[in-house]
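The data block below is entry.cif; it holds mmCIF, C-alpha atoms and all ligand atoms.
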data_entry
loop_
_atom_site.label_atom_id
_atom_site.label_comp_id
_atom_site.auth_asym_id
_atom_site.auth_seq_id
_atom_site.Cartn_x
_atom_site.Cartn_y
_atom_site.Cartn_z
CA MET P 1 2.32 -11.95 2.40
CA THR P 2 0.99 -15.36 3.21
CA CYS P 3 1.75 -17.15 6.39
CA ARG P 4 3.08 -20.62 5.88
CA VAL P 5 1.28 -21.78 8.98
CA LYS P 6 -2.34 -22.35 8.20
CA ALA P 7 -3.59 -21.65 11.69
CA VAL P 8 -5.03 -18.17 11.68
CA PHE P 9 -4.63 -16.50 15.02
CA ALA P 10 -5.75 -12.99 14.09
CA LEU P 11 -6.51 -10.83 11.10
CA CYS P 12 -4.11 -8.08 10.16
CA LEU P 13 -5.67 -4.71 10.78
CA GLY P 14 -3.90 -3.28 7.76
CA CYS P 15 -4.42 -5.74 4.94
CA GLY P 16 -6.78 -8.26 6.45
CA ALA P 17 -4.41 -11.17 5.98
CA GLY P 18 -4.61 -13.99 8.44
CA VAL P 19 -1.62 -14.31 10.68
CA CYS P 20 -0.72 -17.08 13.07
CA ASP P 21 0.24 -16.44 16.67
CA SER P 22 3.93 -16.35 15.80
CA CYS P 23 3.52 -14.01 12.83
CA ALA P 24 1.08 -11.62 14.46
CA GLN P 25 2.60 -8.35 15.56
CA PHE P 26 0.75 -7.06 18.58
CA GLU P 27 0.25 -3.33 18.72
CA LEU P 28 -1.60 -0.91 20.93
CA ILE P 29 -3.27 1.77 18.87
CA GLY P 30 -3.96 5.14 20.40
CA SER P 31 -7.13 6.83 19.24
CA GLY P 32 -6.12 10.32 20.27
CA CYS P 33 -8.76 10.59 22.97
CA GLY P 34 -6.70 8.71 25.49
CA CYS P 35 -8.11 5.34 24.57
CA VAL P 36 -5.96 2.52 23.26
CA TRP P 37 -7.03 -0.75 21.83
CA PRO P 38 -5.15 -3.87 20.89
CA ALA P 39 -4.56 -4.70 17.26
CA TYR P 40 -2.64 -7.27 15.32
CA TYR P 41 -0.67 -6.70 12.15
CA CYS P 42 1.05 -9.01 9.77
CA PRO P 43 4.87 -8.60 9.75
CA LYS P 44 4.68 -6.50 6.59
CA CYS P 45 2.16 -4.00 7.88
CA ALA P 46 3.65 -3.81 11.36
CA TRP P 47 6.64 -1.86 10.09
CA ASP P 48 4.76 0.09 7.45
CA PRO P 49 4.24 3.64 8.74
CA TYR P 50 1.37 4.12 6.31
CA VAL P 51 -0.48 1.25 7.93
CA ASN P 52 0.72 1.21 11.48
CA PRO P 53 0.96 4.65 13.16
CA ASN P 54 3.32 3.14 15.68
CA ALA P 55 5.68 1.71 13.08
CA ALA P 56 8.18 4.50 13.63
CA PHE P 57 8.47 3.53 17.27
CA ARG P 58 9.15 -0.09 16.54
CA ASP P 59 12.61 -1.48 16.25
CA PRO P 60 13.51 -2.33 12.67
CA PRO P 61 12.83 -5.96 11.91
CA LYS P 62 16.44 -6.92 11.38
CA GLY P 63 17.30 -9.93 13.45
CA ARG P 64 14.94 -11.22 16.03
CA ALA P 65 16.97 -10.49 19.13
CA GLY P 66 15.42 -7.08 19.74
CA ILE P 67 11.84 -8.23 19.96
CA THR P 68 10.53 -7.75 23.44
CA SER P 69 7.34 -9.07 24.89
CA ARG P 70 5.82 -7.25 27.76
ZN ZN I 1 -1.02 -6.74 6.87
ZN ZN I 2 2.55 -17.32 10.69
#
Show the structure stored in the file as C-alpha cells.
Amino acid sequence: MTCRVKAVFALCLGCGAGVCDSCAQFELIGSGCGCVWPAYYCPKCAWDPYVNPNAAFRDPPKGRAGITSR
C-alpha cells in the first residue's frame, strides 16, 4: 500500500507506511484504562480488525459517502 501522493502526513500505526492527509484514517484508540489517544492508519489497516481494534465499528469502505468527520 503506497500512497500516490508523496507528502507524508502521518505514519500508519499498523504497518508504518506513510500516509498523506487524505489517505490517513484517523482513529481514537482506547487503552482500556479510560484513556484514548489519537492514531492514524493507512486505508488498508484502518479496516483490518487485526490491526485496528476499532475496525469492526467502522463503516465498510465501500463508497465514500458514509465517511463522517467529527
Ligand atoms: Zn497500515
Ligand atoms: Zn495519500
Can you work out the spacing between atom CA of Val8 of chain P and atom CA of Cys35 of chain P in Å, to one decimal?
27.0 Å
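Considering only C-alpha atoms and all ligand atoms, the residues that reside within 8 Å of ligand ZN 2 (chain I) can be listed as P:Thr2, P:Cys3, P:Arg4, P:Val5, P:Lys6, P:Ala7, P:Val8, P:Val19, P:Cys20, P:Asp21, P:Ser22, P:Cys23, P:Ala24.
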Using only C-alpha atoms and all ligand atoms, find each residue of chain P with at least one atom at most 7 Å away from an atom of ligand ZN 1 (chain I); report its shortest atom-to-atom pair and that distance in Å (one decimal), sort the rows by chain and rising residue number, and return the result as a tab-separated table.
residue	atom	partner	partner_atom	distance
P:Cys12	CA	I:ZN1	ZN	4.7
P:Leu13	CA	I:ZN1	ZN	6.4
P:Gly14	CA	I:ZN1	ZN	4.6
P:Cys15	CA	I:ZN1	ZN	4.0
P:Gly16	CA	I:ZN1	ZN	6.0
P:Ala17	CA	I:ZN1	ZN	5.6
P:Tyr41	CA	I:ZN1	ZN	5.3
P:Cys42	CA	I:ZN1	ZN	4.2
P:Pro43	CA	I:ZN1	ZN	6.8
P:Lys44	CA	I:ZN1	ZN	5.7
P:Cys45	CA	I:ZN1	ZN	4.3
Quick one, how far is atom CA of Ile29 of chain P from atom CA of Pro53 of chain P?
7.7 Å
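The space between atom CA of Asp59 of chain P and atom CA of Cys33 of chain P spans 25.4 Å.
For Asn54 of chain P, the set of protein, DNA and RNA residues having any atom at most 8 Å away, when counting only C-alpha atoms and skipping those fewer than 4 positions along the same chain, is Glu27, Ile29, Pro49 and Arg58 of chain P.
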Looking at P:Trp47, P:Tyr40, P:Phe57, P:Phe9, which one is nearest to Phe26 of chain P, with distances taken over only C-alpha atoms?
P:Tyr40
Size and centre in Å, one decimal, axis-aligned box, all listed segment 48-61 of chain P atoms plus 3 Å per side, as AutoDock Vina command-line options:
--center_x 6.5 --center_y -0.7 --center_z 11.8 --size_x 20.0 --size_y 16.6 --size_z 17.0
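The smallest atom-to-atom distance between Val51 of chain P and any of P:Gly18, P:Ala10, P:Gly32, P:Ala39, using all atoms listed in the file, is found for P:Ala39.
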